[in-house]
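Participant: Sending over data-v5.txt (compact mmCIF, C-alpha atoms).
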```
# COMPACT_ATOMS: atom_id res chain seq x y z
CA MET C 23 121.59 179.64 192.85
CA LEU C 24 121.51 182.91 190.95
CA GLU C 25 117.93 183.36 189.95
CA GLU C 26 115.43 186.14 189.74
CA PRO C 27 112.40 184.13 190.79
CA PHE C 28 110.15 187.14 191.20
CA SER C 29 110.74 188.60 187.76
CA ARG C 30 108.69 185.85 186.13
CA GLY C 31 105.00 186.19 186.54
CA ASP C 32 101.96 187.80 185.11
CA SER C 33 100.63 190.68 187.11
CA PHE C 34 100.32 194.42 186.73
CA PHE C 35 103.69 194.87 188.45
CA HIS C 36 105.46 192.65 185.95
CA ARG C 37 104.23 194.78 183.08
CA ALA C 38 104.53 198.23 184.67
CA ASN C 39 107.25 200.68 183.66
CA PRO C 40 110.46 199.85 185.60
CA GLY C 41 111.50 203.50 186.04
CA MET C 42 108.16 204.37 187.62
CA LYS C 43 108.37 201.31 189.86
CA ILE C 44 111.87 202.22 191.04
CA ILE C 45 110.82 205.75 191.98
CA SER C 46 107.69 204.50 193.77
CA ALA C 47 109.74 201.94 195.70
CA ALA C 48 112.33 204.56 196.67
CA ALA C 49 109.64 207.00 197.87
CA LEU C 50 107.78 204.36 199.89
CA THR C 51 111.04 203.07 201.36
CA LEU C 52 112.12 206.55 202.37
CA VAL C 53 108.89 207.47 204.09
CA VAL C 54 108.68 204.18 206.02
CA ALA C 55 112.40 204.10 206.86
CA LEU C 56 112.35 207.56 208.38
CA SER C 57 109.21 207.30 210.50
CA ARG C 58 109.71 207.00 214.24
CA ASP C 59 106.20 206.05 215.17
CA PHE C 60 104.40 202.71 214.94
CA VAL C 61 101.29 204.04 213.16
CA PRO C 62 102.90 205.04 209.83
CA VAL C 63 105.03 201.88 209.91
CA PHE C 64 101.94 199.69 210.32
CA ALA C 65 100.30 201.62 207.47
CA GLY C 66 103.37 200.96 205.33
CA LEU C 67 103.29 197.27 206.21
CA PHE C 68 99.61 197.14 205.29
CA VAL C 69 100.28 198.78 201.90
CA SER C 70 103.18 196.42 201.26
CA LEU C 71 101.05 193.35 202.04
CA LEU C 72 98.32 194.67 199.77
CA LEU C 73 100.82 195.13 196.94
CA LEU C 74 102.16 191.62 197.60
CA VAL C 75 98.67 190.15 197.16
CA PHE C 76 98.25 191.91 193.82
CA ALA C 77 101.69 190.86 192.60
CA ARG C 78 100.72 187.15 192.92
CA LEU C 79 104.25 185.98 193.71
CA ASP C 80 105.28 182.52 194.85
CA SER C 81 104.54 182.86 198.56
CA ARG C 82 106.94 180.11 199.64
CA MET C 83 109.78 181.83 197.85
CA VAL C 84 108.87 185.19 199.41
CA PHE C 85 108.81 183.61 202.84
CA ARG C 86 112.20 181.96 202.36
CA ARG C 87 113.78 185.23 201.26
CA MET C 88 112.17 187.00 204.16
CA LEU C 89 113.82 184.60 206.62
CA ALA C 90 117.24 185.21 205.08
CA VAL C 91 116.80 188.98 205.13
CA ASN C 92 115.88 188.95 208.81
CA GLY C 93 119.37 187.77 209.83
CA PHE C 94 120.55 191.27 210.70
CA ILE C 95 117.24 191.86 212.49
CA ALA C 96 117.79 188.73 214.57
CA PHE C 97 121.21 190.10 215.53
CA LEU C 98 119.53 193.35 216.66
CA TRP C 99 116.97 191.39 218.73
CA LEU C 100 119.80 189.49 220.41
CA THR C 101 121.74 192.61 221.34
CA LEU C 102 119.50 195.69 221.50
CA PRO C 103 117.11 194.72 224.35
CA LEU C 104 120.09 193.77 226.53
CA THR C 105 122.34 196.72 225.78
CA TYR C 106 120.06 199.66 225.01
CA GLY C 107 119.73 200.87 228.59
CA GLY C 108 116.97 203.09 229.90
CA ASP C 109 113.83 201.73 231.52
CA VAL C 110 113.91 198.08 232.60
CA LEU C 111 111.05 195.97 231.26
CA MET C 112 111.96 192.71 232.94
CA SER C 113 115.07 191.35 234.57
CA VAL C 114 116.28 187.76 234.64
CA GLY C 115 119.29 187.36 236.89
CA PRO C 116 122.00 189.74 235.72
CA LEU C 117 120.25 190.40 232.38
CA ALA C 118 117.85 193.30 232.13
CA LEU C 119 115.55 193.74 229.14
CA SER C 120 115.26 197.41 228.27
CA GLY C 121 111.87 198.71 227.18
CA GLY C 122 113.44 201.21 224.79
CA GLY C 123 115.55 198.46 223.21
CA VAL C 124 112.57 196.17 222.64
CA ARG C 125 110.57 199.04 221.17
CA LEU C 126 113.38 200.02 218.82
CA ALA C 127 114.00 196.43 217.72
CA ALA C 128 110.28 195.92 217.07
CA LEU C 129 110.04 199.15 215.08
CA ILE C 130 113.06 198.23 212.97
CA THR C 131 111.69 194.73 212.35
CA LEU C 132 108.39 196.08 211.05
CA LYS C 133 110.08 198.74 208.94
CA SER C 134 112.60 196.37 207.40
CA ASN C 135 109.99 193.81 206.49
CA ALA C 136 107.61 196.39 204.99
CA ILE C 137 110.49 197.79 202.92
CA PHE C 138 111.58 194.29 201.92
CA LEU C 139 108.09 193.65 200.55
CA PHE C 140 108.08 196.97 198.67
CA PHE C 141 111.36 195.98 197.13
CA ILE C 142 110.17 192.52 196.11
CA VAL C 143 106.95 193.78 194.57
CA LEU C 144 108.22 196.95 192.93
CA VAL C 145 111.84 196.19 192.01
CA ALA C 146 112.38 192.44 191.95
CA THR C 147 109.43 191.95 189.58
CA SER C 148 111.60 193.39 186.80
CA THR C 149 114.62 191.59 185.39
CA VAL C 150 117.97 193.26 185.95
CA ALA C 151 118.12 194.06 182.25
CA GLU C 152 114.84 195.96 182.47
CA LEU C 153 116.00 197.72 185.63
CA GLY C 154 119.22 198.81 183.93
CA HIS C 155 117.32 200.39 181.06
CA GLY C 156 114.80 201.81 183.52
CA LEU C 157 117.59 203.51 185.45
CA GLU C 158 118.98 204.88 182.21
CA ALA C 159 115.56 206.34 181.45
CA LEU C 160 115.70 208.02 184.89
CA GLN C 161 118.82 209.90 183.73
CA MET C 162 121.32 207.89 185.73
CA PRO C 163 124.85 208.10 184.25
CA PRO C 164 124.90 205.78 181.21
CA LYS C 165 128.31 204.48 182.21
CA LEU C 166 126.96 203.31 185.55
CA CYS C 167 124.00 201.57 183.91
CA PHE C 168 126.36 199.95 181.45
CA LEU C 169 128.58 198.82 184.31
CA MET C 170 125.59 197.32 186.07
CA LEU C 171 124.29 195.52 183.00
CA PHE C 172 127.71 194.08 182.28
CA THR C 173 128.21 193.04 185.90
CA TYR C 174 124.91 191.20 185.63
CA ARG C 175 125.90 189.61 182.35
CA TYR C 176 129.16 188.24 183.77
CA LEU C 177 127.80 187.12 187.11
CA PHE C 178 126.68 183.81 185.66
CA VAL C 179 129.84 183.26 183.65
CA ILE C 180 132.11 183.91 186.62
CA SER C 181 130.09 181.94 189.09
CA SER C 182 130.06 178.90 186.81
CA GLU C 183 133.79 179.37 186.20
CA TYR C 184 134.44 179.42 189.94
CA HIS C 185 132.25 176.42 190.60
CA ARG C 186 134.02 174.48 187.85
CA LEU C 187 137.36 175.08 189.59
CA ALA C 188 135.87 174.30 193.00
CA ARG C 189 134.46 171.01 191.65
CA ALA C 190 137.86 170.11 190.25
CA ALA C 191 139.37 170.72 193.68
CA VAL C 192 136.79 168.50 195.37
CA ILE C 193 137.43 165.70 192.88
CA ARG C 194 141.11 165.93 193.83
CA CYS C 195 140.14 165.23 197.45
CA PHE C 196 140.27 168.81 198.68
CA ASN C 197 138.82 168.68 202.18
CA PRO C 198 138.18 172.17 203.57
CA GLY C 199 138.95 172.83 207.24
CA THR C 200 140.13 175.68 209.44
CA ASN C 201 143.72 175.80 208.26
CA ARG C 202 146.18 177.68 206.10
CA HIS C 203 146.01 175.14 203.31
CA THR C 204 142.25 175.63 202.93
CA TYR C 205 142.50 179.39 202.77
CA ARG C 206 145.37 179.24 200.32
CA THR C 207 143.46 176.84 198.10
CA TYR C 208 140.33 179.00 198.11
CA ALA C 209 142.44 182.09 197.43
CA HIS C 210 144.12 180.42 194.47
CA LEU C 211 140.80 179.16 193.12
CA PHE C 212 139.40 182.64 193.29
CA ALA C 213 142.54 184.27 191.89
CA MET C 214 142.45 181.85 188.95
CA THR C 215 138.82 182.81 188.40
CA LEU C 216 139.90 186.46 188.35
CA VAL C 217 142.67 185.77 185.85
CA LYS C 218 140.32 183.90 183.54
CA SER C 219 137.68 186.62 183.86
CA TRP C 220 140.26 189.29 183.20
CA ASN C 221 141.42 187.65 180.00
CA ARG C 222 137.87 187.05 178.96
CA SER C 223 137.06 190.73 179.49
CA GLN C 224 139.88 191.69 177.13
CA ARG C 225 138.58 189.34 174.45
CA VAL C 226 135.01 190.56 174.90
CA ARG C 227 136.16 194.16 174.63
CA ASP C 228 138.01 193.46 171.39
CA ALA C 229 135.04 191.57 169.97
CA MET C 230 132.64 194.35 170.86
CA LEU C 231 134.83 197.10 169.44
CA LEU C 232 135.16 195.05 166.26
CA ARG C 233 131.38 195.06 165.96
CA GLY C 234 131.20 198.84 166.32
CA PHE C 235 130.17 199.12 169.96
CA ASN C 236 129.66 202.74 170.99
CA GLY C 237 128.91 202.44 174.70
CA ARG C 238 125.18 201.91 174.50
CA PHE C 239 122.91 198.89 174.62
CA TYR C 240 119.74 199.05 172.60
CA PRO C 241 116.85 197.22 174.24
CA MET C 242 114.65 195.17 171.92
CA ARG C 243 111.53 196.45 173.62
CA GLU C 244 111.28 200.19 174.26
CA GLN C 245 109.92 200.93 177.72
CA THR C 246 106.83 203.05 177.39
CA ILE C 247 104.81 204.82 180.04
CA THR C 248 101.14 203.96 179.70
CA GLY C 249 98.13 205.70 181.24
CA LEU C 250 97.85 202.87 183.75
CA ASP C 251 101.47 203.51 184.83
CA ARG C 252 100.65 207.15 185.47
CA VAL C 253 97.56 206.28 187.53
CA PHE C 254 99.57 203.75 189.55
CA PHE C 255 102.40 206.22 190.11
CA ALA C 256 99.96 208.92 191.26
CA GLY C 257 98.33 206.41 193.62
CA MET C 258 101.70 205.48 195.11
CA LEU C 259 102.61 209.14 195.60
CA VAL C 260 99.32 209.78 197.41
CA THR C 261 100.03 206.75 199.62
CA VAL C 262 103.48 208.12 200.41
CA ILE C 263 102.03 211.51 201.36
CA ILE C 264 99.36 209.91 203.56
CA ILE C 265 101.94 207.79 205.38
CA ALA C 266 104.15 210.87 205.83
CA LEU C 267 101.20 212.83 207.28
CA MET C 268 100.43 210.02 209.74
CA GLU C 269 103.80 210.72 211.34
CA PHE C 270 102.58 214.12 212.46
CA ILE C 271 99.09 213.23 213.65
CA MET O 26 128.02 193.69 206.53
CA HIS O 27 124.90 195.14 204.95
CA ILE O 28 122.83 197.43 207.08
CA SER O 29 119.16 196.67 206.58
CA GLU O 30 116.73 199.26 205.37
CA GLY O 31 114.82 201.04 208.11
CA VAL O 32 117.61 201.15 210.70
CA LEU O 33 119.48 204.37 210.03
CA SER O 34 118.44 207.97 210.56
CA ALA O 35 117.85 210.50 207.78
CA SER O 36 121.11 212.39 208.29
CA VAL O 37 123.24 209.23 208.15
CA LEU O 38 121.43 208.03 205.02
CA ALA O 39 121.84 211.42 203.35
CA GLY O 40 125.50 211.74 204.32
CA GLY O 41 126.43 208.24 203.14
CA GLY O 42 124.46 208.73 199.95
CA ALA O 43 126.17 212.03 199.14
CA LEU O 44 129.65 210.61 199.75
CA THR O 45 128.87 207.60 197.56
CA VAL O 46 127.63 209.87 194.77
CA ILE O 47 130.90 211.84 194.90
CA GLY O 48 133.01 208.69 194.97
CA THR O 49 131.05 207.15 192.12
CA ILE O 50 131.36 210.26 189.96
CA ILE O 51 135.13 210.37 190.48
CA GLY O 52 135.37 206.62 189.92
CA LEU O 53 133.38 206.76 186.69
CA LYS O 54 135.47 209.69 185.43
CA ARG O 55 138.62 207.61 185.90
CA VAL O 56 137.31 204.66 183.92
CA SER O 57 137.09 204.95 180.16
CA TYR O 58 134.57 202.91 178.17
CA ASP O 59 137.60 200.92 177.11
CA ARG O 60 138.14 199.60 180.61
CA ILE O 61 134.64 199.49 181.90
CA MET O 62 134.17 195.87 180.90
CA SER O 63 137.12 194.88 183.06
CA VAL O 64 135.65 196.82 185.97
CA ALA O 65 132.31 195.10 185.44
CA ILE O 66 133.91 191.68 185.42
CA LEU O 67 135.76 192.40 188.67
CA SER O 68 132.56 193.72 190.12
CA SER O 69 130.79 190.46 189.33
CA ALA O 70 133.78 188.53 190.70
CA PHE O 71 133.28 190.46 193.94
CA PHE O 72 129.63 189.43 193.93
CA VAL O 73 130.62 185.78 193.44
CA ALA O 74 133.18 186.07 196.28
CA SER O 75 130.36 186.94 198.66
CA LEU O 76 128.82 183.54 197.84
CA VAL O 77 132.01 181.64 198.70
CA HIS O 78 131.83 180.24 202.21
CA LEU O 79 135.03 179.43 204.05
CA PRO O 80 135.03 177.09 207.03
CA VAL O 81 135.94 178.57 210.42
CA GLY O 82 135.74 176.03 213.21
CA PRO O 83 132.20 174.66 213.21
CA GLY O 84 130.70 177.57 211.26
CA SER O 85 131.56 179.40 208.07
CA VAL O 86 132.09 182.95 206.90
CA HIS O 87 131.79 184.43 203.45
CA LEU O 88 134.46 186.50 201.79
CA LEU O 89 134.09 190.26 201.41
CA LEU O 90 137.26 191.02 199.41
CA ASN O 91 136.59 194.76 199.31
CA GLY O 92 140.26 195.29 200.13
CA LEU O 93 141.26 193.39 197.01
CA MET O 94 138.78 195.44 194.95
CA GLY O 95 140.37 198.64 196.23
CA LEU O 96 143.90 197.43 195.53
CA ILE O 97 143.00 196.48 191.97
CA LEU O 98 140.53 199.22 191.05
CA GLY O 99 141.43 202.34 193.09
CA TRP O 100 138.67 204.93 192.76
CA ALA O 101 136.75 202.70 190.39
CA CYS O 102 135.89 200.49 193.37
CA PHE O 103 133.08 202.94 194.18
CA PRO O 104 130.99 202.34 191.03
CA ALA O 105 132.02 198.66 190.99
CA LEU O 106 130.82 198.08 194.55
CA LEU O 107 127.71 200.14 193.92
CA ALA O 108 126.79 197.90 190.99
CA ALA O 109 127.58 194.72 192.93
CA LEU O 110 125.60 195.80 195.99
CA PHE O 111 122.65 196.86 193.85
CA LEU O 112 122.63 193.43 192.26
CA GLN O 113 122.84 191.78 195.68
CA ALA O 114 119.78 193.77 196.65
CA VAL O 115 117.93 192.63 193.53
CA PHE O 116 118.95 188.98 193.83
CA PHE O 117 118.87 188.43 197.57
CA GLN O 118 117.11 191.55 198.91
CA PHE O 119 120.09 192.30 201.17
CA GLY O 120 120.19 196.04 201.77
CA GLY O 121 117.87 198.21 199.74
CA ILE O 122 117.55 201.29 197.57
CA ILE O 123 117.78 204.06 200.13
CA VAL O 124 120.47 202.46 202.27
CA LEU O 125 122.54 201.54 199.20
CA GLY O 126 124.56 204.75 199.44
CA VAL O 127 125.62 204.10 203.02
CA ASN O 128 126.38 200.44 202.35
CA THR O 129 128.50 201.29 199.31
CA PHE O 130 130.43 203.93 201.21
CA ASN O 131 131.07 201.58 204.13
CA MET O 132 132.61 199.02 201.78
CA ALA O 133 134.33 201.28 199.24
CA ALA O 134 135.88 204.03 201.37
CA PRO O 135 138.05 201.64 203.46
CA ALA O 136 139.04 199.81 200.28
CA LEU O 137 140.09 203.07 198.65
CA LEU O 138 142.00 204.16 201.74
CA CYS O 139 143.91 200.87 201.89
CA SER O 140 144.70 201.09 198.21
CA CYS O 141 146.05 204.66 198.55
CA PHE O 142 148.43 203.71 201.35
CA LEU O 143 149.43 200.19 200.40
CA ARG O 144 149.78 200.12 196.62
CA PRO O 145 153.41 201.32 196.61
CA TRP O 146 154.43 198.29 198.72
CA LEU O 147 152.28 195.77 196.93
CA PHE O 148 154.88 194.78 194.35
CA ALA O 149 157.79 194.63 196.78
CA PRO O 150 159.29 191.14 196.75
CA GLY O 151 159.11 188.83 199.74
CA PHE O 152 157.72 189.74 203.11
CA LYS O 153 157.00 193.42 202.41
CA GLY O 154 154.61 192.76 199.53
CA ALA O 155 152.85 189.93 201.36
CA ALA O 156 152.50 192.06 204.48
CA ALA O 157 151.03 194.95 202.47
CA ALA O 158 148.42 192.65 200.94
CA TYR O 159 147.59 191.12 204.33
CA VAL O 160 147.19 194.54 205.91
CA GLY O 161 144.99 195.61 202.99
CA GLY O 162 142.64 192.68 203.48
CA PHE O 163 142.61 192.95 207.26
CA PHE O 164 142.17 196.69 207.56
CA SER O 165 139.57 197.13 204.86
CA VAL O 166 137.26 194.73 206.74
CA LEU O 167 138.15 196.33 210.08
CA LEU O 168 137.48 199.83 208.77
CA SER O 169 134.28 198.68 207.05
CA SER O 170 132.94 197.22 210.27
CA LEU O 171 133.96 200.41 212.10
CA CYS O 172 132.08 202.45 209.47
CA VAL O 173 128.98 200.30 210.01
CA ALA O 174 129.36 200.69 213.77
CA PHE O 175 129.79 204.44 213.38
CA CYS O 176 126.65 204.71 211.23
CA LEU O 177 124.67 202.83 213.88
CA ALA O 178 126.10 204.91 216.73
CA LEU O 179 125.31 208.16 214.90
CA THR O 180 121.72 207.02 214.39
CA ASP O 181 120.98 206.27 218.04
CA GLU O 182 123.30 206.23 221.04
CA GLY O 183 121.57 203.07 222.26
CA PHE O 184 123.21 201.24 219.33
CA ILE O 185 126.74 201.79 220.63
CA LYS O 186 127.08 198.46 222.45
CA THR O 187 125.43 196.59 219.58
CA ALA O 188 127.90 198.26 217.23
CA GLY O 189 130.79 197.16 219.44
CA ILE O 190 129.59 193.55 219.33
CA LEU O 191 129.31 193.82 215.55
CA VAL O 192 132.95 194.89 215.21
CA ALA O 193 134.08 192.16 217.62
CA THR O 194 132.27 189.41 215.68
CA HIS O 195 134.08 190.51 212.54
CA PHE O 196 137.56 189.83 213.94
CA PRO O 197 137.82 186.26 212.65
CA ILE O 198 136.68 187.50 209.24
CA MET O 199 139.43 190.16 209.27
CA ILE O 200 142.13 187.57 209.93
CA ILE O 201 140.87 185.26 207.19
CA GLU O 202 140.38 188.12 204.73
CA GLY O 203 143.96 189.16 205.38
CA PHE O 204 145.28 185.70 204.51
CA VAL O 205 143.03 185.24 201.49
CA THR O 206 143.86 188.71 200.13
CA MET O 207 147.56 188.00 200.65
CA PHE O 208 147.41 184.69 198.74
CA ILE O 209 145.31 186.19 195.94
CA VAL O 210 147.64 189.17 195.51
CA SER O 211 150.75 186.97 195.48
CA PHE O 212 149.08 184.71 192.89
CA LEU O 213 148.02 187.65 190.71
CA THR O 214 151.38 189.44 190.83
CA ARG O 215 152.99 186.24 189.54
CA VAL O 216 150.37 185.16 187.01
CA GLN O 217 148.70 188.32 185.71
CA PRO O 218 150.51 191.43 186.98
CA ASP O 219 148.84 193.73 184.45
CA ILE O 220 145.56 193.34 186.36
CA PHE O 221 146.97 195.89 188.82
CA GLN O 222 147.36 198.51 186.11
CA MET O 223 143.61 199.20 186.32
CA ALA O 224 143.84 201.71 189.16
CA LYS O 225 146.24 204.02 187.36
CA PRO O 226 144.51 206.92 185.62
CA ARG O 227 145.12 206.86 181.89
```
Transcribe the structure of this file into structure tokens.
Facilitator:
Amino acid sequence: MLEEPFSRGDSFFHRANPGMKIISAAALTLVVALSRDFVPVFAGLFVSLLLLVFARLDSRMVFRRMLAVNGFIAFLWLTLPLTYGGDVLMSVGPLALSGGGVRLAALITLKSNAIFLFFIVLVATSTVAELGHGLEALQMPPKLCFLMLFTYRYLFVISSEYHRLARAAVIRCFNPGTNRHTYRTYAHLFAMTLVKSWNRSQRVRDAMLLRGFNGRFYPMREQTITGLDRVFFAGMLVTVIIIALMEFI
Amino acid sequence: MHISEGVLSASVLAGGGALTVIGTIIGLKRVSYDRIMSVAILSSAFFVASLVHLPVGPGSVHLLLNGLMGLILGWACFPALLAALFLQAVFFQFGGIIVLGVNTFNMAAPALLCSCFLRPWLFAPGFKGAAAAYVGGFFSVLLSSLCVAFCLALTDEGFIKTAGILVATHFPIMIIEGFVTMFIVSFLTRVQPDIFQMAKPR
């Protein structure tokens, strides 16, 4: 269940410097997220699709993730056209579709999907470990990067711990329903997971201090910035500026 | 409860981001390297909680447990939630980079507020302690959904009704979160009470 399917692959984006990729993704996201016009958003979507082609990711996986991400968007489509007010596009009985609402929902859909693709191509193509070190290289607080790397490290341990307890409950004929017993059982399963994780964290801390841990992880592979990275970064910045200018034309 | 990227206006994004930066700095200051592993493990437990689906009638909801995070971690819930939400973005592409600040604030600020007001009652025996935990779980989700609604309403007045529907749909989650938080807190105070020592500054 917990996988990073996009981080495996062999394309330019998988080899590029994570720090540079994060900044490019943030800049592209910002410029697309803030535009109020369809033209720059379409340009952003075009760039994101272009990047997606070059990243050579598993298209079925991308599509499945895209469906999941559009849940909030679907909620907006269900509510915005009916509640936005303003000019009426079409009315069916008591329901009136508002033109402004449809426009806003369409704009948000395009923006969100373009940004989702930027994220997949530029951020999800690195493993979390690489991202953590990349963020550290971008002068983020080392404690925060450490926290993130450790959260990542324990995600798998805790999720398997929880699933082990949940399996044990199922074997003992636990049949979840909408009742107090179900919620109490889930709460106790989760609380037991917390207790086990807590005790494990104490042991890990002791073990790490014993081995002379000083608050820093040393990556096996230093992240370098190559000439190609610089060219790519410059290209992305130019793209960002062009999209930003489109807003005003 | 994540707001997608591309929905909010610049001022809301900047405001939420700035508040999250402040909260995270204070939170990180309060956590020594000695305790950071415990924070990280709770932060990943929070991530796992969001994958746990509880049945409600024919459908299901997933846990948020930000109230519990606040009660256990205090200010440290800011960096912990930031890390967890960042990982959710990387794993599932929920939320994004720019909206991360707003999303973290919407989850962490209510949790912190509940923890400030409710911690003194948490260890009271019997009804009082249970009620405090229930209120913590209930109100942190309520306030979080109100924060989300507020962000939407500030972005565009046309969002107001949508935001209202969003808060209303979260009511069943609030009730369930209240119960689950109550059971978890009562379990933890009996089994591992020292877990609640995390929030105290050294």
Participant: Neighbouring residues of stretch 162-173 of chain C were defined as those with any atom within 6 Å, considering only C-alpha atoms; residues of the same chain fewer than 5 positions away were excluded. Please report them as a list in words.
Facilitator: Gly154 and Leu157 of chain C; Ala65, Ile66, Ser69 and Ala108 of chain O
Participant: State, in Å with one decimal place, the distance from atom CA of C:Ala188 to atom CA of O:Ala158.
Facilitator: 23.6 Å
Participant: I'd like the interatomic distance between atom CA of O:Leu76 and atom CA of C:Tyr208, to a tenth of an Å.
Facilitator: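 Atom-to-atom, atom CA of O:Leu76 and atom CA of C:Tyr208 are spaced 12.4 Å apart.
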Participant: With all atoms listed in the file as the basis for distance, which of O:Gln113, O:Ser29, O:Thr45, O:Ser85 is at the shortest distance from O:Val73?
Facilitator: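 The shortest atom-to-atom distance to O:Val73 comes from O:Gln113.
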Participant: Residues of chain C near chain O: apply a cut-off of 8 Å, count all atoms listed in the file, and supply the list as a PyMOL selection string.
Facilitator: chain C and resi 24-26+48+51-52+54-56+87+91+94-95+98+101-102+105-107+123+130+133-134+137-138+141-142+145-146+150+165-166+169-170+172-174+176-177+180-181+198-200+205-206+208-210+212-213+215-217+219-220+223-224+227+237
Participant: Mind writing the picked residues with C-alpha atoms as a PDB file, in the frame of the given file?
Facilitator:
```
ATOM      1  CA  LEU C  24     121.510 182.910 190.950  1.00  0.00           C
ATOM      2  CA  GLU C  25     117.930 183.360 189.950  1.00  0.00           C
ATOM      3  CA  GLU C  26     115.430 186.140 189.740  1.00  0.00           C
ATOM      4  CA  ALA C  48     112.330 204.560 196.670  1.00  0.00           C
ATOM      5  CA  THR C  51     111.040 203.070 201.360  1.00  0.00           C
ATOM      6  CA  LEU C  52     112.120 206.550 202.370  1.00  0.00           C
ATOM      7  CA  VAL C  54     108.680 204.180 206.020  1.00  0.00           C
ATOM      8  CA  ALA C  55     112.400 204.100 206.860  1.00  0.00           C
ATOM      9  CA  LEU C  56     112.350 207.560 208.380  1.00  0.00           C
ATOM     10  CA  ARG C  87     113.780 185.230 201.260  1.00  0.00           C
ATOM     11  CA  VAL C  91     116.800 188.980 205.130  1.00  0.00           C
ATOM     12  CA  PHE C  94     120.550 191.270 210.700  1.00  0.00           C
ATOM     13  CA  ILE C  95     117.240 191.860 212.490  1.00  0.00           C
ATOM     14  CA  LEU C  98     119.530 193.350 216.660  1.00  0.00           C
ATOM     15  CA  THR C 101     121.740 192.610 221.340  1.00  0.00           C
ATOM     16  CA  LEU C 102     119.500 195.690 221.500  1.00  0.00           C
ATOM     17  CA  THR C 105     122.340 196.720 225.780  1.00  0.00           C
ATOM     18  CA  TYR C 106     120.060 199.660 225.010  1.00  0.00           C
ATOM     19  CA  GLY C 107     119.730 200.870 228.590  1.00  0.00           C
ATOM     20  CA  GLY C 123     115.550 198.460 223.210  1.00  0.00           C
ATOM     21  CA  ILE C 130     113.060 198.230 212.970  1.00  0.00           C
ATOM     22  CA  LYS C 133     110.080 198.740 208.940  1.00  0.00           C
ATOM     23  CA  SER C 134     112.600 196.370 207.400  1.00  0.00           C
ATOM     24  CA  ILE C 137     110.490 197.790 202.920  1.00  0.00           C
ATOM     25  CA  PHE C 138     111.580 194.290 201.920  1.00  0.00           C
ATOM     26  CA  PHE C 141     111.360 195.980 197.130  1.00  0.00           C
ATOM     27  CA  ILE C 142     110.170 192.520 196.110  1.00  0.00           C
ATOM     28  CA  VAL C 145     111.840 196.190 192.010  1.00  0.00           C
ATOM     29  CA  ALA C 146     112.380 192.440 191.950  1.00  0.00           C
ATOM     30  CA  VAL C 150     117.970 193.260 185.950  1.00  0.00           C
ATOM     31  CA  LYS C 165     128.310 204.480 182.210  1.00  0.00           C
ATOM     32  CA  LEU C 166     126.960 203.310 185.550  1.00  0.00           C
ATOM     33  CA  LEU C 169     128.580 198.820 184.310  1.00  0.00           C
ATOM     34  CA  MET C 170     125.590 197.320 186.070  1.00  0.00           C
ATOM     35  CA  PHE C 172     127.710 194.080 182.280  1.00  0.00           C
ATOM     36  CA  THR C 173     128.210 193.040 185.900  1.00  0.00           C
ATOM     37  CA  TYR C 174     124.910 191.200 185.630  1.00  0.00           C
ATOM     38  CA  TYR C 176     129.160 188.240 183.770  1.00  0.00           C
ATOM     39  CA  LEU C 177     127.800 187.120 187.110  1.00  0.00           C
ATOM     40  CA  ILE C 180     132.110 183.910 186.620  1.00  0.00           C
ATOM     41  CA  SER C 181     130.090 181.940 189.090  1.00  0.00           C
ATOM     42  CA  PRO C 198     138.180 172.170 203.570  1.00  0.00           C
ATOM     43  CA  GLY C 199     138.950 172.830 207.240  1.00  0.00           C
ATOM     44  CA  THR C 200     140.130 175.680 209.440  1.00  0.00           C
ATOM     45  CA  TYR C 205     142.500 179.390 202.770  1.00  0.00           C
ATOM     46  CA  ARG C 206     145.370 179.240 200.320  1.00  0.00           C
ATOM     47  CA  TYR C 208     140.330 179.000 198.110  1.00  0.00           C
ATOM     48  CA  ALA C 209     142.440 182.090 197.430  1.00  0.00           C
ATOM     49  CA  HIS C 210     144.120 180.420 194.470  1.00  0.00           C
ATOM     50  CA  PHE C 212     139.400 182.640 193.290  1.00  0.00           C
ATOM     51  CA  ALA C 213     142.540 184.270 191.890  1.00  0.00           C
ATOM     52  CA  THR C 215     138.820 182.810 188.400  1.00  0.00           C
ATOM     53  CA  LEU C 216     139.900 186.460 188.350  1.00  0.00           C
ATOM     54  CA  VAL C 217     142.670 185.770 185.850  1.00  0.00           C
ATOM     55  CA  SER C 219     137.680 186.620 183.860  1.00  0.00           C
ATOM     56  CA  TRP C 220     140.260 189.290 183.200  1.00  0.00           C
ATOM     57  CA  SER C 223     137.060 190.730 179.490  1.00  0.00           C
ATOM     58  CA  GLN C 224     139.880 191.690 177.130  1.00  0.00           C
ATOM     59  CA  ARG C 227     136.160 194.160 174.630  1.00  0.00           C
ATOM     60  CA  GLY C 237     128.910 202.440 174.700  1.00  0.00           C
TER      61      GLY C 237
END
```
Participant: With 5 Å of padding per side, what axis-aligned box (centre and edge lengths, Å, one decimal) covers all the listed atoms of stretch 58-77 of chain O? Give it as AutoDock Vina command-line options.
Facilitator:
```
--center_x 133.5 --center_y 192.3 --center_z 187.9 --size_x 19.3 --size_y 31.3 --size_z 31.6
```
